[in-house]
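The file my_file-v9.pdb comes next; it holds PDB, C-alpha atoms and all ligand atoms.
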```pdb
ATOM      1  CA  MET A1283       4.504 -44.296   2.702  1.00  0.00           C
ATOM      2  CA  SER A1284       5.577 -45.155  -0.827  1.00  0.00           C
ATOM      3  CA  GLN A1285       4.146 -46.150  -4.153  1.00  0.00           C
ATOM      4  CA  GLY A1286       4.957 -49.055  -6.396  1.00  0.00           C
ATOM      5  CA  PRO A1287       7.483 -48.364  -9.123  1.00  0.00           C
ATOM      6  CA  GLY A1288       4.859 -48.556 -11.840  1.00  0.00           C
ATOM      7  CA  ASP A1289       2.664 -45.697 -10.650  1.00  0.00           C
ATOM      8  CA  GLN A1290       5.132 -43.004  -9.746  1.00  0.00           C
ATOM      9  CA  GLY A1291       4.562 -39.612 -11.299  1.00  0.00           C
ATOM     10  CA  PRO A1292       7.137 -36.834 -11.503  1.00  0.00           C
ATOM     11  CA  GLY A1293       8.507 -36.032  -8.091  1.00  0.00           C
ATOM     12  CA  GLU A1294       6.328 -38.644  -6.416  1.00  0.00           C
ATOM     13  CA  ARG A1295       9.112 -40.919  -5.245  1.00  0.00           C
ATOM     14  CA  ASN A1296       9.376 -41.669  -1.548  1.00  0.00           C
ATOM     15  CA  LEU A1297       6.169 -39.892  -0.669  1.00  0.00           C
ATOM     16  CA  ARG A1298       5.597 -39.392   3.029  1.00  0.00           C
ATOM     17  CA  ILE A1299       2.701 -37.969   4.971  1.00  0.00           C
ATOM     18  CA  ARG A1300       3.472 -36.278   8.280  1.00  0.00           C
ATOM     19  CA  THR A1301       2.116 -33.708  10.667  1.00  0.00           C
ATOM     20  CA  ALA A1302       3.361 -30.139  10.381  1.00  0.00           C
ATOM     21  CA  THR A1303       5.845 -28.340  12.622  1.00  0.00           C
ATOM     22  CA  ASP A1304       6.474 -24.635  13.167  1.00  0.00           C
ATOM     23  CA  ALA A1305       9.360 -24.811  10.700  1.00  0.00           C
ATOM     24  CA  ASP A1306       6.875 -25.665   7.956  1.00  0.00           C
ATOM     25  CA  LEU A1307       4.934 -22.411   8.335  1.00  0.00           C
ATOM     26  CA  PRO A1308       6.408 -20.458   5.365  1.00  0.00           C
ATOM     27  CA  HIS A1309       6.183 -23.524   3.170  1.00  0.00           C
ATOM     28  CA  ILE A1310       2.541 -24.136   4.058  1.00  0.00           C
ATOM     29  CA  VAL A1311       1.781 -20.493   3.261  1.00  0.00           C
ATOM     30  CA  ARG A1312       3.456 -20.993  -0.120  1.00  0.00           C
ATOM     31  CA  LEU A1313       1.511 -24.212  -0.768  1.00  0.00           C
ATOM     32  CA  ASP A1314      -1.744 -22.465   0.083  1.00  0.00           C
ATOM     33  CA  GLU A1315      -0.911 -19.589  -2.277  1.00  0.00           C
ATOM     34  CA  GLN A1316      -0.231 -22.096  -5.047  1.00  0.00           C
ATOM     35  CA  ALA A1317      -3.457 -23.984  -4.379  1.00  0.00           C
ATOM     36  CA  PHE A1318      -5.633 -20.877  -4.053  1.00  0.00           C
ATOM     37  CA  PRO A1319      -3.890 -18.084  -6.021  1.00  0.00           C
ATOM     38  CA  THR A1320      -6.819 -15.668  -5.866  1.00  0.00           C
ATOM     39  CA  ASP A1321      -7.798 -16.096  -2.205  1.00  0.00           C
ATOM     40  CA  PRO A1322      -5.119 -17.761  -0.073  1.00  0.00           C
ATOM     41  CA  TYR A1323      -5.445 -17.757   3.688  1.00  0.00           C
ATOM     42  CA  PRO A1324      -3.840 -14.690   5.278  1.00  0.00           C
ATOM     43  CA  PHE A1325      -0.509 -15.543   6.896  1.00  0.00           C
ATOM     44  CA  PHE A1326      -1.916 -15.038  10.380  1.00  0.00           C
ATOM     45  CA  VAL A1327      -4.674 -17.594   9.774  1.00  0.00           C
ATOM     46  CA  VAL A1328      -2.168 -20.261   8.760  1.00  0.00           C
ATOM     47  CA  ARG A1329      -0.050 -19.326  11.765  1.00  0.00           C
ATOM     48  CA  GLN A1330      -2.985 -19.671  14.134  1.00  0.00           C
ATOM     49  CA  LEU A1331      -4.218 -22.959  12.661  1.00  0.00           C
ATOM     50  CA  LEU A1332      -0.723 -24.403  12.870  1.00  0.00           C
ATOM     51  CA  THR A1333      -0.328 -23.230  16.452  1.00  0.00           C
ATOM     52  CA  ALA A1334      -3.757 -24.364  17.595  1.00  0.00           C
ATOM     53  CA  PHE A1335      -4.054 -27.680  15.713  1.00  0.00           C
ATOM     54  CA  PRO A1336      -0.603 -28.916  14.640  1.00  0.00           C
ATOM     55  CA  ASP A1337      -1.698 -32.546  14.750  1.00  0.00           C
ATOM     56  CA  PHE A1338      -4.503 -31.774  12.320  1.00  0.00           C
ATOM     57  CA  LEU A1339      -2.336 -30.255   9.625  1.00  0.00           C
ATOM     58  CA  LEU A1340      -1.010 -33.061   7.449  1.00  0.00           C
ATOM     59  CA  LEU A1341       1.614 -32.581   4.766  1.00  0.00           C
ATOM     60  CA  VAL A1342       2.688 -34.760   1.886  1.00  0.00           C
ATOM     61  CA  GLU A1343       6.324 -34.460   0.851  1.00  0.00           C
ATOM     62  CA  ASP A1344       8.865 -36.249  -1.254  1.00  0.00           C
ATOM     63  CA  ASP A1345      12.636 -36.110  -1.136  1.00  0.00           C
ATOM     64  CA  GLU A1346      12.658 -32.670  -2.724  1.00  0.00           C
ATOM     65  CA  ASP A1347       9.865 -30.597  -1.220  1.00  0.00           C
ATOM     66  CA  LEU A1348       6.416 -30.350   0.313  1.00  0.00           C
ATOM     67  CA  ARG A1349       3.774 -31.193  -2.275  1.00  0.00           C
ATOM     68  CA  GLY A1350       0.458 -30.715  -0.508  1.00  0.00           C
ATOM     69  CA  TYR A1351      -1.379 -30.080   2.733  1.00  0.00           C
ATOM     70  CA  VAL A1352      -4.715 -30.596   4.410  1.00  0.00           C
ATOM     71  CA  PHE A1353      -6.159 -28.731   7.378  1.00  0.00           C
ATOM     72  CA  SER A1354      -8.786 -30.410   9.531  1.00  0.00           C
ATOM     73  CA  THR A1355     -10.210 -29.785  12.965  1.00  0.00           C
ATOM     74  CA  PRO A1356     -10.259 -31.911  16.114  1.00  0.00           C
ATOM     75  CA  PRO A1357     -13.679 -33.491  16.568  1.00  0.00           C
ATOM     76  CA  ARG A1358     -16.232 -31.583  18.614  1.00  0.00           C
ATOM     77  CA  ALA A1359     -19.324 -33.623  19.466  1.00  0.00           C
ATOM     78  CA  ALA A1360     -17.865 -36.253  17.087  1.00  0.00           C
ATOM     79  CA  GLU A1361     -17.856 -33.797  14.159  1.00  0.00           C
ATOM     80  CA  SER A1362     -14.757 -32.563  12.338  1.00  0.00           C
ATOM     81  CA  TRP A1363     -14.261 -30.222   9.407  1.00  0.00           C
ATOM     82  CA  VAL A1364     -11.799 -30.402   6.569  1.00  0.00           C
ATOM     83  CA  LEU A1365     -10.926 -26.728   6.158  1.00  0.00           C
ATOM     84  CA  SER A1366      -8.567 -26.812   3.223  1.00  0.00           C
ATOM     85  CA  LEU A1367      -6.799 -29.217   0.875  1.00  0.00           C
ATOM     86  CA  GLY A1368      -4.220 -28.315  -1.715  1.00  0.00           C
ATOM     87  CA  ILE A1369      -1.717 -30.054  -3.978  1.00  0.00           C
ATOM     88  CA  VAL A1370       0.955 -28.209  -5.960  1.00  0.00           C
ATOM     89  CA  PRO A1371      -0.296 -27.661  -9.527  1.00  0.00           C
ATOM     90  CA  ASP A1372       2.315 -29.741 -11.334  1.00  0.00           C
ATOM     91  CA  LEU A1373       1.632 -32.840  -9.239  1.00  0.00           C
ATOM     92  CA  ARG A1374      -2.147 -32.883  -9.411  1.00  0.00           C
ATOM     93  CA  GLY A1375      -3.770 -35.987 -10.796  1.00  0.00           C
ATOM     94  CA  HIS A1376      -1.197 -38.341  -9.291  1.00  0.00           C
ATOM     95  CA  GLY A1377      -3.178 -39.467  -6.268  1.00  0.00           C
ATOM     96  CA  LEU A1378      -1.669 -37.131  -3.655  1.00  0.00           C
ATOM     97  CA  GLY A1379      -4.948 -35.422  -2.776  1.00  0.00           C
ATOM     98  CA  ARG A1380      -6.647 -38.757  -2.274  1.00  0.00           C
ATOM     99  CA  LYS A1381      -3.787 -40.031  -0.098  1.00  0.00           C
ATOM    100  CA  LEU A1382      -3.914 -36.950   2.122  1.00  0.00           C
ATOM    101  CA  MET A1383      -7.686 -37.195   2.477  1.00  0.00           C
ATOM    102  CA  VAL A1384      -7.625 -40.929   3.262  1.00  0.00           C
ATOM    103  CA  GLU A1385      -4.944 -40.385   5.909  1.00  0.00           C
ATOM    104  CA  THR A1386      -6.901 -37.474   7.372  1.00  0.00           C
ATOM    105  CA  LEU A1387     -10.145 -39.440   7.532  1.00  0.00           C
ATOM    106  CA  MET A1388      -8.383 -42.333   9.261  1.00  0.00           C
ATOM    107  CA  LYS A1389      -6.923 -39.926  11.806  1.00  0.00           C
ATOM    108  CA  LEU A1390     -10.219 -38.157  12.409  1.00  0.00           C
ATOM    109  CA  ARG A1391     -12.001 -41.455  12.979  1.00  0.00           C
ATOM    110  CA  ALA A1392      -9.276 -42.550  15.406  1.00  0.00           C
ATOM    111  CA  GLU A1393      -9.717 -39.237  17.240  1.00  0.00           C
ATOM    112  CA  GLY A1394     -13.453 -39.887  17.619  1.00  0.00           C
ATOM    113  CA  ALA A1395     -15.012 -38.129  14.655  1.00  0.00           C
ATOM    114  CA  ARG A1396     -18.075 -39.831  13.243  1.00  0.00           C
ATOM    115  CA  THR A1397     -19.054 -37.023  10.882  1.00  0.00           C
ATOM    116  CA  VAL A1398     -16.759 -34.990   8.659  1.00  0.00           C
ATOM    117  CA  ARG A1399     -17.940 -31.864   6.867  1.00  0.00           C
ATOM    118  CA  LEU A1400     -16.428 -29.491   4.340  1.00  0.00           C
ATOM    119  CA  SER A1401     -17.363 -26.717   1.955  1.00  0.00           C
ATOM    120  CA  VAL A1402     -16.313 -26.552  -1.666  1.00  0.00           C
ATOM    121  CA  GLU A1403     -16.705 -24.096  -4.512  1.00  0.00           C
ATOM    122  CA  PRO A1404     -19.641 -25.495  -6.535  1.00  0.00           C
ATOM    123  CA  ARG A1405     -17.719 -25.518  -9.878  1.00  0.00           C
ATOM    124  CA  ASN A1406     -14.646 -27.231  -8.419  1.00  0.00           C
ATOM    125  CA  THR A1407     -15.202 -30.510 -10.233  1.00  0.00           C
ATOM    126  CA  PRO A1408     -11.850 -32.138  -9.326  1.00  0.00           C
ATOM    127  CA  ALA A1409     -12.429 -31.579  -5.612  1.00  0.00           C
ATOM    128  CA  ILE A1410     -16.120 -32.517  -5.642  1.00  0.00           C
ATOM    129  CA  THR A1411     -15.364 -35.694  -7.614  1.00  0.00           C
ATOM    130  CA  LEU A1412     -12.680 -36.648  -5.095  1.00  0.00           C
ATOM    131  CA  TYR A1413     -14.935 -35.977  -2.122  1.00  0.00           C
ATOM    132  CA  GLU A1414     -17.856 -37.911  -3.625  1.00  0.00           C
ATOM    133  CA  ASP A1415     -15.505 -40.783  -4.388  1.00  0.00           C
ATOM    134  CA  LEU A1416     -14.537 -40.828  -0.697  1.00  0.00           C
ATOM    135  CA  GLY A1417     -18.190 -40.987   0.320  1.00  0.00           C
ATOM    136  CA  PHE A1418     -18.991 -37.333   0.987  1.00  0.00           C
ATOM    137  CA  VAL A1419     -22.609 -36.484   0.188  1.00  0.00           C
ATOM    138  CA  PRO A1420     -23.537 -33.028  -1.127  1.00  0.00           C
ATOM    139  CA  ASP A1421     -26.198 -31.056   0.681  1.00  0.00           C
ATOM    140  CA  PRO A1422     -29.446 -32.022  -1.101  1.00  0.00           C
ATOM    141  CA  ASP A1423     -30.502 -28.368  -1.097  1.00  0.00           C
ATOM    142  CA  GLY A1424     -27.540 -27.525  -3.326  1.00  0.00           C
ATOM    143  CA  PRO A1425     -24.941 -24.801  -2.827  1.00  0.00           C
ATOM    144  CA  CYS A1426     -25.412 -22.370   0.035  1.00  0.00           C
ATOM    145  CA  PRO A1427     -25.587 -18.839  -1.435  1.00  0.00           C
ATOM    146  CA  ASP A1428     -23.067 -16.259  -0.216  1.00  0.00           C
ATOM    147  CA  TYR A1429     -21.591 -18.758   2.265  1.00  0.00           C
ATOM    148  CA  PHE A1430     -18.228 -16.947   2.287  1.00  0.00           C
ATOM    149  CA  GLY A1431     -19.675 -13.503   1.496  1.00  0.00           C
ATOM    150  CA  PRO A1432     -21.419 -11.950  -1.499  1.00  0.00           C
ATOM    151  CA  GLY A1433     -21.144 -14.149  -4.574  1.00  0.00           C
ATOM    152  CA  GLU A1434     -19.088 -16.771  -2.741  1.00  0.00           C
ATOM    153  CA  ASP A1435     -21.464 -19.733  -2.806  1.00  0.00           C
ATOM    154  CA  ARG A1436     -20.267 -23.025  -1.370  1.00  0.00           C
ATOM    155  CA  LEU A1437     -21.515 -26.581  -1.544  1.00  0.00           C
ATOM    156  CA  LEU A1438     -21.536 -28.265   1.865  1.00  0.00           C
ATOM    157  CA  MET A1439     -20.655 -31.965   1.883  1.00  0.00           C
ATOM    158  CA  THR A1440     -20.894 -34.488   4.699  1.00  0.00           C
ATOM    159  CA  LEU A1441     -19.293 -37.864   5.303  1.00  0.00           C
ATOM    160  CA  ALA A1442     -20.504 -40.368   7.887  1.00  0.00           C
ATOM    161  CA  LEU A1443     -17.386 -42.164   9.103  1.00  0.00           C
TER     162      LEU A1443
HETATM  163  C1  LIG A1501      -8.647 -30.895  -5.554  1.00  0.00           C
HETATM  164  C2  LIG A1501      -7.208 -31.391  -5.440  1.00  0.00           C
HETATM  165  C3  LIG A1501      -6.738 -31.300  -3.997  1.00  0.00           C
HETATM  166  C4  LIG A1501      -7.160 -32.865  -5.886  1.00  0.00           C
HETATM  167  O1  LIG A1501      -5.849 -33.357  -5.636  1.00  0.00           O
HETATM  168  P1  LIG A1501      -5.134 -34.360  -6.673  1.00  0.00           P
HETATM  169  O2  LIG A1501      -3.905 -34.843  -6.035  1.00  0.00           O
HETATM  170  O3  LIG A1501      -4.990 -33.688  -7.992  1.00  0.00           O
HETATM  171  O4  LIG A1501      -6.224 -35.507  -6.801  1.00  0.00           O
HETATM  172  P2  LIG A1501      -5.924 -37.064  -7.003  1.00  0.00           P
HETATM  173  O5  LIG A1501      -4.906 -37.245  -8.060  1.00  0.00           O
HETATM  174  O6  LIG A1501      -5.655 -37.671  -5.672  1.00  0.00           O
HETATM  175  O7  LIG A1501      -7.311 -37.564  -7.567  1.00  0.00           O
HETATM  176  C5  LIG A1501      -8.245 -38.192  -6.699  1.00  0.00           C
HETATM  177  C6  LIG A1501      -9.594 -38.190  -7.381  1.00  0.00           C
HETATM  178  O8  LIG A1501     -10.064 -36.844  -7.529  1.00  0.00           O
HETATM  179  C7  LIG A1501     -10.813 -36.749  -8.727  1.00  0.00           C
HETATM  180  N1  LIG A1501     -10.132 -35.820  -9.620  1.00  0.00           N
HETATM  181  C8  LIG A1501      -8.866 -35.344  -9.499  1.00  0.00           C
HETATM  182  N2  LIG A1501      -8.614 -34.467 -10.496  1.00  0.00           N
HETATM  183  C9  LIG A1501      -9.731 -34.410 -11.236  1.00  0.00           C
HETATM  184  C10 LIG A1501     -10.101 -33.672 -12.404  1.00  0.00           C
HETATM  185  N3  LIG A1501      -9.255 -32.812 -12.987  1.00  0.00           N
HETATM  186  N4  LIG A1501     -11.361 -33.822 -12.887  1.00  0.00           N
HETATM  187  C11 LIG A1501     -12.231 -34.665 -12.291  1.00  0.00           C
HETATM  188  N5  LIG A1501     -11.929 -35.400 -11.184  1.00  0.00           N
HETATM  189  C12 LIG A1501     -10.698 -35.273 -10.685  1.00  0.00           C
HETATM  190  C13 LIG A1501     -10.873 -38.141  -9.306  1.00  0.00           C
HETATM  191  O9  LIG A1501     -12.000 -38.805  -8.748  1.00  0.00           O
HETATM  192  C14 LIG A1501      -9.600 -38.751  -8.769  1.00  0.00           C
HETATM  193  O10 LIG A1501      -9.657 -40.148  -8.697  1.00  0.00           O
HETATM  194  P3  LIG A1501      -9.030 -41.044  -9.895  1.00  0.00           P
HETATM  195  O11 LIG A1501      -7.616 -40.606 -10.022  1.00  0.00           O
HETATM  196  O12 LIG A1501      -9.180 -42.437  -9.398  1.00  0.00           O
HETATM  197  O13 LIG A1501      -9.832 -40.721 -11.091  1.00  0.00           O
HETATM  198  C15 LIG A1501      -6.251 -30.558  -6.364  1.00  0.00           C
HETATM  199  O14 LIG A1501      -6.818 -30.506  -7.656  1.00  0.00           O
HETATM  200  C16 LIG A1501      -6.005 -29.130  -5.884  1.00  0.00           C
HETATM  201  O15 LIG A1501      -5.094 -28.890  -5.090  1.00  0.00           O
HETATM  202  N6  LIG A1501      -6.810 -28.168  -6.379  1.00  0.00           N
HETATM  203  C17 LIG A1501      -6.654 -26.748  -6.008  1.00  0.00           C
HETATM  204  C18 LIG A1501      -7.100 -26.495  -4.585  1.00  0.00           C
HETATM  205  C19 LIG A1501      -8.507 -26.988  -4.352  1.00  0.00           C
HETATM  206  O16 LIG A1501      -9.414 -26.756  -5.143  1.00  0.00           O
HETATM  207  N7  LIG A1501      -8.693 -27.667  -3.204  1.00  0.00           N
HETATM  208  C20 LIG A1501      -9.983 -28.171  -2.772  1.00  0.00           C
HETATM  209  C21 LIG A1501     -10.740 -27.087  -2.104  1.00  0.00           C
HETATM  210  S1  LIG A1501     -12.224 -27.663  -1.348  1.00  0.00           S
END
```

Mind turning the file's structure into structure tokens?
Amino acid sequence: MSQGPGDQGPGERNLRIRTATDADLPHIVRLDEQAFPTDPYPFFVVRQLLTAFPDFLLLVEDDEDLRGYVFSTPPRAAESWVLSLGIVPDLRGHGLGRKLMVETLMKLRAEGARTVRLSVEPRNTPAITLYEDLGFVPDPDGPCPDYFGPGEDRLLMTLAL
């Protein structure tokens, strides 16, 4: 995967999207800590997701380093979840999150998913804007209170593939 010469941001040359391997584990943990500094996944959760669903952990990298990741789940009864999406802070706004999501949605559809769901922090405007742009629809009842524990409301969004 690559971009045209006119729309390359810093470090965005020769972008590639690929599935993760065991060797990526410490780097994915680092990416997750950069994306969610206050509440990253515990190491063991990343380890278990990588072990259980390696084909559903997509990474975007350039010639220098990994730049972002997305976790999703294999479809069950034609429904998948996007569990987490993160792009390194200094490369946000250059289209990497959208590329990872588009690739993930194509994969999930090919695997048989017809519905994709996710949860997002209700004030996370960049993420919600991206998801709405991709066709995700917010729960009409609004954010679900205490979804991830006291005070941790989340907006559920659904995409029909
Ligand atoms: C959310 C996140 C993954 C977006 O990745 P990104 O690579 O910066 O996003 P992109 O450059 O691909 O932008 C895609 C679209 O998202 C929306 N978007 C991105 N940044 C935005 C911002 N700061 N404000 C509003 N909308 C924004 C726009 O619709 C944009 O489309 P456009 O470029 O055509 O306007 C990234 O900001 C991130 O890693 N945030 C921290 C972790 C996080 O919150 N993850 C989501 C948890 S559910």

Environment of ligand LIG 1501 (chain A) within 6 Å, counting only C-alpha atoms and all ligand atoms, reported as a PyMOL selection string: chain A and resi 1317-1318+1366-1369+1374-1380+1402+1407-1409+1411-1412+1415

So that each row is one residue of stretch 1345-1414 of chain A with an atom at most 8 Å from stretch 1299-1312 of chain A, can you give its shortest atom pair and the distance in Å to one decimal, using all atoms listed in the file, rows by chain and rising number, as a tab-separated table?
```
residue	atom	partner	partner_atom	distance
A:Leu1348	CA	A:His1309	CA	7.4
A:Tyr1351	CA	A:Ile1310	CA	7.2
A:Leu1382	CA	A:Ile1299	CA	7.3
```

Pick from A:Pro1371, A:Pro1420, A:Pro1404, A:Pro1336, whichever lies nearest to A:Glu1434 using all atoms listed in the file: A:Pro1404

Residue members of the PyMOL selection byres (((chain A and resi 1362-1365) around 8) and not hetatm) in the file shown, as number ranges by chain: A: 1352-1358, 1360-1361, 1366-1367, 1390, 1395, 1397-1401

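Comparing A:Arg1436, A:Arg1349, A:Arg1396, A:Arg1298 by their smallest distance to A:Ile1410, the closest is A:Arg1436 (using all atoms listed in the file).
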
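Picture a line from atom CA of A:Arg1405 to atom CA of A:Gly1424; it runs 12.0 Å.
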
Atom CA of A:Pro1425 to atom CA of A:Glu1315, straight-line distance in Å: 24.6 Å

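Using the PyMOL selection byres (((chain A and resi 1345) around 8) and not hetatm) on this structure selects Arg1295, Asn1296, Leu1297, Glu1343, Asp1344, Glu1346 and Asp1347 of chain A.
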
Å distance separating atom CA of A:Gly1431 from atom CA of A:Leu1332, one decimal place: 24.6 Å

Long-range neighbours of A:Asp1421 as a list in words, 8 Å cut-off, all atoms listed in the file, 2 positions minimum in chain: Val1419, Asp1423, Gly1424, Pro1425, Leu1437, Leu1438, Met1439 and Thr1440 of chain A

Set up a box along x, y and z of the file covering all listed atoms of stretch 1360-1365 of chain A, add 5 Å on every one of the six sides, and write the centre and edge lengths in Å to one decimal, as JSON.
```
{"center_x": -14.4, "center_y": -31.5, "center_z": 11.6, "size_x": 16.9, "size_y": 19.5, "size_z": 20.9}
```

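Distance check against A:Val1384 using all atoms listed in the file: of A:Gly1433, A:Leu1443, A:Pro1324, A:Ala1359, the minimum falls on A:Leu1443.
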
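In this comparison, which uses all atoms listed in the file, the residue of A:Thr1386, A:Leu1373, A:Leu1340, A:Tyr1429 approaching A:Glu1403 most closely is A:Tyr1429.
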